[in-house]
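S.K.: I'm passing along upload.txt; it holds compact mmCIF, C-alpha atoms.
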```txt
# COMPACT_ATOMS: atom_id res chain seq x y z
CA MET A 5 -16.71 35.74 -7.00
CA TYR A 6 -16.72 31.98 -6.61
CA ILE A 7 -14.76 30.98 -3.50
CA LEU A 8 -13.92 27.43 -2.49
CA ILE A 9 -13.05 26.93 1.16
CA ALA A 10 -11.35 23.72 2.30
CA GLY A 11 -11.76 23.04 6.01
CA GLY A 12 -14.96 23.66 7.94
CA GLY A 13 -13.61 24.29 11.42
CA LYS A 14 -14.08 27.60 13.24
CA VAL A 15 -11.98 29.50 10.73
CA GLY A 16 -13.51 27.95 7.61
CA ALA A 17 -17.12 28.13 8.80
CA ASN A 18 -16.91 31.75 9.90
CA LEU A 19 -15.10 32.71 6.77
CA ALA A 20 -17.80 31.04 4.66
CA LYS A 21 -20.46 32.96 6.54
CA SER A 22 -18.66 36.27 6.06
CA VAL A 23 -18.03 35.91 2.34
CA LEU A 24 -21.62 34.74 1.81
CA ASP A 25 -22.79 37.91 3.51
CA LEU A 26 -20.59 39.86 1.13
CA GLY A 27 -22.57 38.30 -1.70
CA HIS A 28 -20.05 35.77 -2.97
CA GLU A 29 -20.73 32.22 -4.06
CA VAL A 30 -19.17 29.70 -1.70
CA THR A 31 -18.54 25.98 -1.38
CA LEU A 32 -17.22 24.68 1.93
CA ILE A 33 -15.55 21.25 2.12
CA GLU A 34 -15.33 19.43 5.45
CA GLN A 35 -13.90 15.98 6.03
CA ARG A 36 -15.41 15.09 9.41
CA ARG A 37 -18.97 13.84 9.17
CA ASP A 38 -20.10 15.25 12.55
CA ARG A 39 -18.84 18.70 11.65
CA TRP A 40 -20.26 18.53 8.15
CA GLU A 41 -23.73 17.63 9.46
CA ARG A 42 -23.78 20.81 11.55
CA LEU A 43 -22.43 22.85 8.64
CA GLU A 44 -25.05 21.43 6.30
CA GLU A 45 -27.84 22.72 8.56
CA GLU A 46 -26.47 26.20 8.14
CA PHE A 47 -25.00 26.18 4.64
CA GLU A 48 -27.18 23.48 3.01
CA HIS A 49 -25.81 22.34 -0.36
CA ARG A 50 -22.88 24.70 -0.02
CA ALA A 51 -21.34 22.40 2.59
CA GLN A 52 -19.85 19.25 1.08
CA LEU A 53 -18.50 16.19 2.84
CA GLY A 54 -15.11 14.91 1.80
CA ASP A 55 -11.33 15.08 1.90
CA ALA A 56 -10.38 18.21 0.00
CA THR A 57 -7.06 16.70 -1.01
CA GLU A 58 -8.91 14.15 -3.16
CA LEU A 59 -9.44 15.18 -6.76
CA PHE A 60 -13.00 13.92 -7.07
CA VAL A 61 -14.01 15.88 -3.97
CA LEU A 62 -12.48 19.04 -5.39
CA GLU A 63 -14.08 18.41 -8.75
CA ARG A 64 -17.48 17.84 -7.18
CA ALA A 65 -17.03 21.22 -5.49
CA GLY A 66 -16.43 22.85 -8.86
CA ILE A 67 -12.64 23.24 -8.85
CA ALA A 68 -12.56 22.84 -12.64
CA ARG A 69 -14.63 25.99 -13.26
CA PRO A 70 -12.16 27.19 -11.75
CA PRO A 71 -13.01 29.23 -8.62
CA ASP A 72 -11.68 32.79 -8.39
CA LEU A 73 -10.18 31.92 -5.05
CA VAL A 74 -9.33 28.76 -3.11
CA VAL A 75 -8.81 29.09 0.63
CA ALA A 76 -7.21 26.15 2.46
CA VAL A 77 -7.83 26.42 6.18
CA THR A 78 -7.75 22.82 7.41
CA GLY A 79 -5.87 21.96 10.59
CA ASP A 80 -3.13 20.13 8.65
CA ASP A 81 -0.40 22.14 6.99
CA GLU A 82 0.53 19.39 4.55
CA ASP A 83 -3.11 19.17 3.44
CA ASN A 84 -3.30 22.94 2.97
CA ILE A 85 -0.15 22.86 0.85
CA VAL A 86 -1.41 20.01 -1.34
CA ILE A 87 -4.87 21.60 -1.79
CA CYS A 88 -3.36 24.91 -2.89
CA GLN A 89 -0.78 23.29 -5.14
CA MET A 90 -3.32 21.14 -6.95
CA ALA A 91 -5.74 24.04 -7.25
CA ARG A 92 -3.11 26.26 -8.81
CA GLU A 93 -0.92 23.88 -10.79
CA HIS A 94 -3.51 21.35 -11.89
CA TYR A 95 -6.73 23.32 -12.17
CA GLY A 96 -5.40 26.76 -12.99
CA VAL A 97 -6.85 28.57 -9.97
CA GLU A 98 -5.19 31.97 -9.94
CA LYS A 99 -5.54 32.94 -6.30
CA VAL A 100 -4.97 30.74 -3.28
CA ILE A 101 -4.74 31.56 0.41
CA ALA A 102 -3.42 29.04 2.93
CA ARG A 103 -3.52 28.83 6.67
CA VAL A 104 -0.29 27.91 8.46
CA ASN A 105 -1.11 26.01 11.66
CA ASP A 106 2.43 25.47 12.87
CA PRO A 107 4.67 28.47 12.12
CA ARG A 108 7.63 26.11 11.82
CA ASN A 109 6.04 24.91 8.60
CA GLN A 110 6.13 28.36 6.98
CA PRO A 111 9.31 27.47 5.01
CA LEU A 112 7.41 24.55 3.43
CA PHE A 113 4.75 26.94 2.11
CA ASP A 114 7.52 29.21 0.80
CA LEU A 115 9.28 26.27 -0.85
CA THR A 116 6.13 25.18 -2.64
CA GLY A 117 5.32 28.75 -3.61
CA ILE A 118 2.07 28.94 -1.66
CA THR A 119 1.39 32.58 -0.92
CA PRO A 120 -0.19 34.42 0.77
CA THR A 121 -0.30 32.49 4.00
CA VAL A 122 -2.05 33.32 7.24
CA SER A 123 -0.79 32.19 10.61
CA ALA A 124 -2.55 33.07 13.85
CA THR A 125 0.67 32.64 15.83
CA SER A 126 2.60 34.97 13.54
CA ILE A 127 -0.15 37.59 13.64
CA ILE A 128 -0.26 37.58 17.43
CA LEU A 129 3.53 37.65 17.57
CA ALA A 130 3.57 40.65 15.23
CA MET A 131 1.07 42.39 17.51
CA ILE A 132 3.21 41.69 20.54
CA GLU A 133 6.23 43.03 18.65
CA HIS A 134 4.26 46.11 17.79
CA GLU A 135 3.47 46.69 21.45
CA VAL A 136 6.91 45.74 22.72
CA PRO A 137 9.40 46.37 19.92
CA GLU A 138 12.46 44.38 20.91
CA HIS A 139 15.03 45.76 18.52
CA GLY A 140 13.47 49.15 17.92
CA LEU A 141 12.11 48.00 14.56
CA ILE A 142 8.41 47.26 14.24
CA HIS A 143 7.51 44.95 11.40
CA LEU A 144 4.51 46.35 9.58
CA LEU A 145 4.31 44.38 6.41
CA GLU A 146 6.10 41.55 4.70
CA LEU A 147 6.05 41.55 0.90
CA ARG A 148 7.18 37.98 0.41
CA LYS A 149 6.93 37.91 -3.34
CA GLU A 150 8.86 41.13 -3.74
CA ASN A 151 11.36 40.04 -1.08
CA LEU A 152 10.85 43.29 0.81
CA GLU A 153 9.49 44.33 4.16
CA ILE A 154 8.25 47.56 5.64
CA VAL A 155 9.25 48.53 9.16
CA GLU A 156 8.61 51.42 11.48
CA VAL A 157 11.39 53.00 13.53
CA GLN A 158 10.85 55.33 16.45
CA LEU A 159 13.73 57.79 16.86
CA ASP A 160 14.76 59.10 20.26
CA ALA A 161 17.25 61.75 21.38
CA ASP A 162 20.12 59.21 21.42
CA SER A 163 19.54 58.03 17.89
CA PRO A 164 22.59 58.75 15.69
CA SER A 165 20.37 59.75 12.80
CA VAL A 166 18.70 62.56 14.74
CA GLY A 167 19.80 65.97 13.51
CA LYS A 168 20.86 64.62 10.11
CA GLN A 169 19.24 65.22 6.77
CA VAL A 170 17.81 62.15 5.10
CA SER A 171 20.23 62.51 2.17
CA ARG A 172 23.19 62.49 4.60
CA ILE A 173 22.29 59.22 6.24
CA GLN A 174 24.31 56.30 4.95
CA LEU A 175 21.58 53.70 4.65
CA PRO A 176 22.54 50.07 4.08
CA ALA A 177 22.22 48.86 0.49
CA GLY A 178 18.78 47.46 -0.13
CA SER A 179 16.94 49.90 2.13
CA ARG A 180 15.12 53.23 1.76
CA LEU A 181 13.25 55.57 4.00
CA ILE A 182 9.67 56.10 2.88
CA THR A 183 8.01 58.60 5.18
CA VAL A 184 8.65 60.57 8.33
CA MET A 185 5.75 60.89 10.75
CA ARG A 186 5.98 63.97 12.96
CA ASP A 187 3.27 65.53 15.15
CA GLY A 188 0.67 63.30 13.59
CA GLN A 189 1.63 64.34 10.06
CA ALA A 190 3.34 62.13 7.53
CA GLN A 191 5.69 63.53 4.93
CA MET A 192 7.69 61.80 2.26
CA ALA A 193 11.27 61.18 3.40
CA GLU A 194 12.82 63.63 0.93
CA GLY A 195 16.56 64.26 1.05
CA GLU A 196 16.42 67.68 2.74
CA ILE A 197 14.27 66.61 5.69
CA GLU A 198 16.16 66.66 8.98
CA LEU A 199 15.26 63.85 11.35
CA ARG A 200 14.27 64.74 14.89
CA ALA A 201 13.81 62.88 18.14
CA GLY A 202 10.27 61.51 18.34
CA ASP A 203 9.99 60.96 14.59
CA GLN A 204 8.43 57.74 13.40
CA VAL A 205 10.17 56.68 10.22
CA LEU A 206 8.83 54.11 7.78
CA ALA A 207 11.47 52.19 5.87
CA VAL A 208 11.38 49.55 3.16
CA LEU A 209 14.20 47.01 3.14
CA GLU A 210 15.29 43.58 2.06
CA PRO A 211 14.82 40.94 4.77
CA GLY A 212 18.07 40.44 6.68
CA LYS A 213 19.06 44.13 6.60
CA GLU A 214 17.21 44.94 9.84
CA GLU A 215 20.32 44.95 12.02
CA GLU A 216 22.26 47.27 9.69
CA LEU A 217 19.34 49.65 9.43
CA ARG A 218 18.85 49.62 13.18
CA LYS A 219 22.49 50.57 13.74
CA VAL A 220 22.36 53.45 11.28
CA LEU A 221 19.10 54.91 12.55
CA LEU A 222 19.02 54.02 16.23
CA ARG A 223 22.30 53.03 17.81
CA LYS A 224 26.00 53.27 17.09
CA GLY A 225 27.06 50.08 18.87
CA GLY A 226 25.65 46.58 18.83
CA MET B 3 12.16 -1.21 2.11
CA ALA B 4 14.86 -0.01 4.50
CA LEU B 5 15.77 -3.62 5.28
CA GLU B 6 15.88 -4.58 1.63
CA LEU B 7 18.13 -1.65 0.70
CA ASP B 8 20.34 -2.36 3.70
CA ARG B 9 20.65 -5.99 2.61
CA THR B 10 21.63 -5.01 -0.92
CA GLY B 11 24.51 -2.94 0.32
CA TRP B 12 23.15 0.60 0.64
CA GLU B 13 23.96 2.73 3.61
CA VAL B 14 20.50 3.48 4.98
CA THR B 15 19.14 5.87 7.61
CA ALA B 16 15.49 5.56 8.59
CA ILE B 17 13.35 8.35 10.06
CA ASP B 18 10.25 7.62 12.08
CA GLU B 19 8.23 9.57 14.60
CA ASN B 20 7.86 6.44 16.65
CA GLU B 21 10.87 5.00 18.42
CA ASP B 22 9.27 1.53 18.33
CA ALA B 23 9.74 1.49 14.56
CA LEU B 24 13.40 0.71 15.22
CA GLN B 25 12.38 -2.66 16.63
CA ARG B 26 10.63 -3.48 13.38
CA LEU B 27 13.99 -3.13 11.65
CA GLY B 28 15.26 -6.02 13.78
CA GLU B 29 18.18 -6.42 16.13
CA HIS B 30 20.69 -6.75 13.30
CA TRP B 31 19.88 -3.30 11.89
CA SER B 32 23.20 -1.66 11.13
CA GLY B 33 21.89 1.52 9.53
CA GLY B 34 21.04 4.84 11.12
CA PHE B 35 17.79 5.72 12.81
CA VAL B 36 16.47 9.18 13.64
CA VAL B 37 13.34 9.80 15.68
CA GLY B 38 11.35 12.74 14.33
CA HIS B 39 8.96 14.00 11.69
CA GLY B 40 10.02 14.13 8.05
CA MET B 41 8.48 17.59 7.63
CA ASP B 42 11.10 18.88 10.08
CA VAL B 43 14.09 19.99 8.03
CA ASP B 44 16.39 19.69 11.05
CA VAL B 45 15.44 16.02 11.36
CA LEU B 46 16.19 15.49 7.66
CA ARG B 47 19.58 17.13 8.12
CA GLU B 48 20.32 15.03 11.18
CA ALA B 49 19.58 11.95 9.09
CA GLY B 50 22.18 13.16 6.60
CA ILE B 51 19.92 14.21 3.74
CA GLU B 52 22.59 16.58 2.45
CA GLU B 53 24.85 13.62 1.59
CA ALA B 54 22.08 11.28 0.46
CA ASP B 55 22.09 9.73 -3.03
CA ALA B 56 18.43 8.81 -2.79
CA VAL B 57 15.43 9.66 -0.63
CA VAL B 58 12.37 7.45 -0.25
CA VAL B 59 9.30 9.00 1.36
CA ALA B 60 6.78 6.40 2.45
CA THR B 61 4.90 7.46 5.56
CA ASN B 62 1.23 6.52 5.71
CA GLY B 63 0.18 10.09 4.91
CA ASP B 64 0.01 10.89 1.19
CA ASN B 65 0.14 14.63 1.70
CA THR B 66 3.01 14.43 4.16
CA ASN B 67 4.91 12.37 1.59
CA LEU B 68 4.17 14.86 -1.18
CA VAL B 69 5.46 17.76 0.90
CA VAL B 70 8.55 15.95 2.22
CA GLY B 71 9.31 14.70 -1.29
CA GLN B 72 9.33 18.27 -2.58
CA VAL B 73 11.62 19.35 0.26
CA ALA B 74 14.09 16.58 -0.70
CA GLN B 75 13.86 17.42 -4.38
CA LYS B 76 13.71 21.21 -4.35
CA GLN B 77 15.54 22.24 -1.19
CA PHE B 78 18.18 19.51 -1.01
CA ASP B 79 18.36 18.82 -4.73
CA ILE B 80 18.16 15.02 -4.38
CA GLN B 81 17.63 13.79 -7.94
CA THR B 82 16.47 10.35 -6.88
CA THR B 83 13.50 11.17 -4.70
CA ILE B 84 10.77 8.55 -4.65
CA VAL B 85 7.41 9.34 -3.09
CA ARG B 86 4.78 6.82 -2.12
CA VAL B 87 1.24 8.05 -2.76
CA LEU B 88 -1.62 5.64 -2.11
CA ASP B 89 -4.19 7.75 -3.97
CA PRO B 90 -3.57 7.07 -7.71
CA ALA B 91 -5.19 10.37 -8.79
CA ARG B 92 -2.95 12.48 -6.60
CA ALA B 93 0.08 10.42 -7.61
CA LYS B 94 -0.66 11.22 -11.25
CA VAL B 95 -1.08 14.95 -10.65
CA TYR B 96 2.23 15.20 -8.82
CA ALA B 97 3.99 13.02 -11.38
CA SER B 98 2.93 15.59 -13.99
CA LEU B 99 4.40 18.29 -11.73
CA GLY B 100 7.78 16.55 -11.82
CA LEU B 101 7.78 14.44 -8.68
CA ARG B 102 8.60 10.75 -8.96
CA THR B 103 5.56 9.17 -7.36
CA ILE B 104 4.81 5.49 -6.90
CA SER B 105 1.27 4.41 -6.17
CA PRO B 106 1.10 0.90 -4.66
CA THR B 107 -2.66 1.07 -5.20
CA SER B 108 -2.23 1.47 -8.97
CA THR B 109 0.36 -1.29 -9.00
CA ALA B 110 -2.01 -3.61 -7.11
CA ILE B 111 -4.90 -2.73 -9.42
CA ASP B 112 -2.78 -3.44 -12.50
CA PHE B 113 -1.57 -6.69 -11.00
CA LEU B 114 -5.06 -7.86 -10.03
CA THR B 115 -6.58 -6.81 -13.35
CA GLU B 116 -3.88 -8.72 -15.15
CA ALA B 117 -4.56 -11.79 -12.97
CA VAL B 118 -8.28 -11.61 -13.78
CA ARG B 119 -7.55 -11.15 -17.47
CA LYS B 120 -5.30 -14.21 -17.48
CA SER B 121 -7.86 -16.33 -15.67
CA GLU B 122 -10.45 -15.32 -18.27
CA GLN B 123 -8.24 -16.66 -21.00
CA SER B 124 -7.77 -20.01 -19.27
CA PRO B 125 -10.83 -20.66 -17.14
CA GLU B 126 -10.01 -24.34 -16.78
CA ARG B 127 -6.90 -23.45 -14.77
CA VAL B 128 -8.96 -21.43 -12.31
CA GLU B 129 -11.41 -24.30 -12.10
CA ALA B 130 -8.69 -26.79 -11.46
CA ARG B 131 -7.35 -24.70 -8.62
CA GLY B 132 -10.71 -23.73 -7.22
```
Give the structure from the file, written as structure tokens.

M.R.:
Amino acid sequence: MYILIAGGGKVGANLAKSVLDLGHEVTLIEQRRDRWERLEEEFEHRAQLGDATELFVLERAGIARPPDLVVAVTGDDEDNIVICQMAREHYGVEKVIARVNDPRNQPLFDLTGITPTVSATSIILAMIEHEVPEHGLIHLLELRKENLEIVEVQLDADSPSVGKQVSRIQLPAGSRLITVMRDGQAQMAEGEIELRAGDQVLAVLEPGKEEELRKVLLRKGG
Amino acid sequence: MALELDRTGWEVTAIDENEDALQRLGEHWSGGFVVGHGMDVDVLREAGIEEADAVVVATNGDNTNLVVGQVAQKQFDIQTTIVRVLDPARAKVYASLGLRTISPTSTAIDFLTEAVRKSEQSPERVEARG
């Protein structure tokens, strides 16, 4: 694969190293001269100096081929958005990945259709949530394009769904149970399965239905 | 730009990260002023973007302008969204993507080229002035 990486900071440089080791062809673009000089020692001609939001810089890096993948990991969210947009819309790059530096900018990536995005803050937050689930729902995966998410729910003895068969549970519209994990074994959440305390249930749902699902599976009140 | 629009009878609200920018608008500034970043949707709302007839994005960052311009156009559905982009190449790409971009650099280049072309046609005038 030919991969173009915009941004040669810690993330970009390490990423370039890793994908090179995997045997891919890489070009790394860095704007700051001091950084680029260090990168050039390691990556030689694969490190190019320039502002990756300028067309001639992108073209010099082979954007018109086009690359199989463009990864925008600069420290500026607006730059990452513009790089990905131009790569996709103007040069026909099929796959782009963008880094979100400030999670408050995530809606801007959504608005401009830049997906997938990677945000260190969101990843760490998700890990914290996984360790300390606040609402009883653990977010496992967000399928942005499909407008769905997958969550894990741990049932305890007080859960209203315990003792009921899956088919008898009135799930909110736009949600489904996928699997039930019991004693280290996962089984598909078929209608006849009766939920028990201690079960870990995987559910797929539309974003925004978390509260309804939580009430049905975990608690009667608010 | 804000001053000119204000003078010609528009109701104008300016957004700037820097509070000092208000002073540049002069003591007779009667329009609104919001301190904040244009990429912040809450700041745009506070400035009344939802009721705006036109949005002009002209910070000194091309990419910031391109993103904010798309927010105004796509999220708030402002038909008259004008985006300043210094880099002519980027301005052209985004114009082809449906954003109304203005590149002062292109305008200056056109203007200067035209001036040179004219002086070529009448060298004596240049001489007379020189």

S.K.: Between CA of Lys149 (chain A) and CA of Gly117 (chain A), what is the spacing in Å?

M.R.: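 Between CA of Gly117 (chain A) and CA of Lys149 (chain A) the gap works out to 9.3 Å.
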
S.K.: What's the 10 Å shell around region 40-44 of chain A, counting all atoms listed in the file, without same-chain residues fewer than 3 positions away, as a ChimeraX atom specification?

M.R.: /A:11-13,17,32-37,47-54

S.K.: Could you turn the residues from that selection into a file that holds C-alpha atoms, as a PDB file, in the coordinates of the input?

M.R.:
```pdb
ATOM      1  CA  GLY A  11     -11.760  23.040   6.010  1.00  0.00           C
ATOM      2  CA  GLY A  12     -14.960  23.660   7.940  1.00  0.00           C
ATOM      3  CA  GLY A  13     -13.610  24.290  11.420  1.00  0.00           C
ATOM      4  CA  ALA A  17     -17.120  28.130   8.800  1.00  0.00           C
ATOM      5  CA  LEU A  32     -17.220  24.680   1.930  1.00  0.00           C
ATOM      6  CA  ILE A  33     -15.550  21.250   2.120  1.00  0.00           C
ATOM      7  CA  GLU A  34     -15.330  19.430   5.450  1.00  0.00           C
ATOM      8  CA  GLN A  35     -13.900  15.980   6.030  1.00  0.00           C
ATOM      9  CA  ARG A  36     -15.410  15.090   9.410  1.00  0.00           C
ATOM     10  CA  ARG A  37     -18.970  13.840   9.170  1.00  0.00           C
ATOM     11  CA  PHE A  47     -25.000  26.180   4.640  1.00  0.00           C
ATOM     12  CA  GLU A  48     -27.180  23.480   3.010  1.00  0.00           C
ATOM     13  CA  HIS A  49     -25.810  22.340  -0.360  1.00  0.00           C
ATOM     14  CA  ARG A  50     -22.880  24.700  -0.020  1.00  0.00           C
ATOM     15  CA  ALA A  51     -21.340  22.400   2.590  1.00  0.00           C
ATOM     16  CA  GLN A  52     -19.850  19.250   1.080  1.00  0.00           C
ATOM     17  CA  LEU A  53     -18.500  16.190   2.840  1.00  0.00           C
ATOM     18  CA  GLY A  54     -15.110  14.910   1.800  1.00  0.00           C
TER      19      GLY A  54
END
```

S.K.: Show me, as number ranges by chain, the residues of chain A whose atoms get within 9 Å of chain B, using only C-alpha atoms for the distance check.

M.R.: A: 57-60, 81-83, 85-86, 90, 93-94, 108-109, 112, 115-116

S.K.: To one decimal place in Å, what is the distance between CA of Ala68 (chain A) and CA of Ile101 (chain A)?

M.R.: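 Separating CA of Ala68 (chain A) from CA of Ile101 (chain A) is a distance of 17.5 Å.
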
S.K.: Mind giving me the straight-line distance from CA of Arg180 (chain A) to CA of Leu144 (chain A) in Å, one decimal?

M.R.: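 Atom-to-atom, CA of Arg180 (chain A) and CA of Leu144 (chain A) are spaced 14.9 Å apart.
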
S.K.: Fewer than 2 positions away in the same chain doesn't count, so skip those; otherwise give me all residues within 12 Å of region 109-116 of chain B, counting only C-alpha atoms, as a VMD selection string.

M.R.: chain B and resid 86 to 90 93 103 to 107 118 to 123

S.K.: Would you mind telling me which residue in A:Leu206, A:Val75, A:Ile87, A:Val166 lies nearest to Thr121 (chain A) when using all atoms listed in the file?

M.R.: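 Of A:Leu206, A:Val75, A:Ile87, A:Val166, the one nearest Thr121 (chain A), counting all atoms listed in the file, is A:Val75.
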
S.K.: For Gly167 (chain A), please output as a ChimeraX atom specification all residues within 12 Å (counting only C-alpha atoms; exclusion window: fewer than 4 positions along the same chain).

M.R.: /A:159-163,171-173,196-203,221

S.K.: Quick one: residues within 7 Å of Met5 (chain A), all atoms listed in the file, excluding same-chain residues fewer than 4 positions away - as an NGL selection string?

M.R.: :A and (28-29 or 72)

S.K.: Set the distance at 12 Å and use all atoms listed in the file: which residues neighbour Asp79 (chain B) once local chain neighbours fewer than 6 positions away are removed? I'd like the list as a VMD selection string.

M.R.: chain B and resid 51 to 57 71 to 73

S.K.: Would you mind putting N, CA and C atoms back on region 48-71 of chain B and writing the result as a short mmCIF file (atom, residue, chain, number, x, y, z; two decimals), in the coordinates of the input?

M.R.:
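After the write, part.cif holds the following:
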```
data_model
loop_
_atom_site.label_atom_id
_atom_site.label_comp_id
_atom_site.auth_asym_id
_atom_site.auth_seq_id
_atom_site.Cartn_x
_atom_site.Cartn_y
_atom_site.Cartn_z
N GLU B 48 19.70 15.93 10.20
CA GLU B 48 20.32 15.03 11.18
C GLU B 48 20.48 13.64 10.57
N ALA B 49 19.52 13.26 9.73
CA ALA B 49 19.58 11.95 9.09
C ALA B 49 20.56 11.94 7.92
N GLY B 50 21.16 13.10 7.64
CA GLY B 50 22.18 13.16 6.60
C GLY B 50 21.65 13.36 5.20
N ILE B 51 20.52 14.05 5.07
CA ILE B 51 19.92 14.21 3.74
C ILE B 51 20.86 14.94 2.77
N GLU B 52 21.71 15.80 3.33
CA GLU B 52 22.59 16.58 2.45
C GLU B 52 23.59 15.71 1.70
N GLU B 53 23.89 14.53 2.27
CA GLU B 53 24.85 13.62 1.59
C GLU B 53 24.14 12.45 0.91
N ALA B 54 22.81 12.46 0.95
CA ALA B 54 22.08 11.28 0.46
C ALA B 54 22.09 11.19 -1.07
N ASP B 55 22.19 9.96 -1.59
CA ASP B 55 22.09 9.73 -3.03
C ASP B 55 20.63 9.54 -3.44
N ALA B 56 19.84 9.05 -2.49
CA ALA B 56 18.43 8.81 -2.79
C ALA B 56 17.59 9.02 -1.53
N VAL B 57 16.36 9.48 -1.74
CA VAL B 57 15.43 9.66 -0.63
C VAL B 57 14.12 8.94 -0.98
N VAL B 58 13.65 8.13 -0.05
CA VAL B 58 12.37 7.45 -0.25
C VAL B 58 11.42 7.96 0.83
N VAL B 59 10.28 8.48 0.40
CA VAL B 59 9.30 9.00 1.36
C VAL B 59 8.08 8.10 1.34
N ALA B 60 7.86 7.41 2.44
CA ALA B 60 6.78 6.40 2.45
C ALA B 60 6.05 6.33 3.78
N THR B 61 5.73 7.48 4.35
CA THR B 61 4.90 7.46 5.56
C THR B 61 3.47 7.11 5.14
N ASN B 62 2.60 6.89 6.10
CA ASN B 62 1.23 6.52 5.71
C ASN B 62 0.35 7.73 5.40
N GLY B 63 0.96 8.91 5.30
CA GLY B 63 0.18 10.09 4.91
C GLY B 63 0.59 10.56 3.53
N ASP B 64 -0.30 10.47 2.56
CA ASP B 64 0.01 10.89 1.19
C ASP B 64 0.51 12.33 1.12
N ASN B 65 -0.20 13.21 1.82
CA ASN B 65 0.14 14.63 1.70
C ASN B 65 1.46 14.95 2.38
N THR B 66 1.71 14.29 3.51
CA THR B 66 3.01 14.43 4.16
C THR B 66 4.11 14.00 3.19
N ASN B 67 3.91 12.87 2.53
CA ASN B 67 4.91 12.37 1.59
C ASN B 67 5.14 13.36 0.44
N LEU B 68 4.05 13.93 -0.06
CA LEU B 68 4.17 14.86 -1.18
C LEU B 68 4.96 16.10 -0.78
N VAL B 69 4.75 16.56 0.44
CA VAL B 69 5.46 17.76 0.90
C VAL B 69 6.93 17.42 1.18
N VAL B 70 7.17 16.33 1.90
CA VAL B 70 8.55 15.95 2.22
C VAL B 70 9.34 15.64 0.93
N GLY B 71 8.66 15.00 -0.01
CA GLY B 71 9.31 14.70 -1.29
C GLY B 71 9.77 15.97 -1.99
#
```
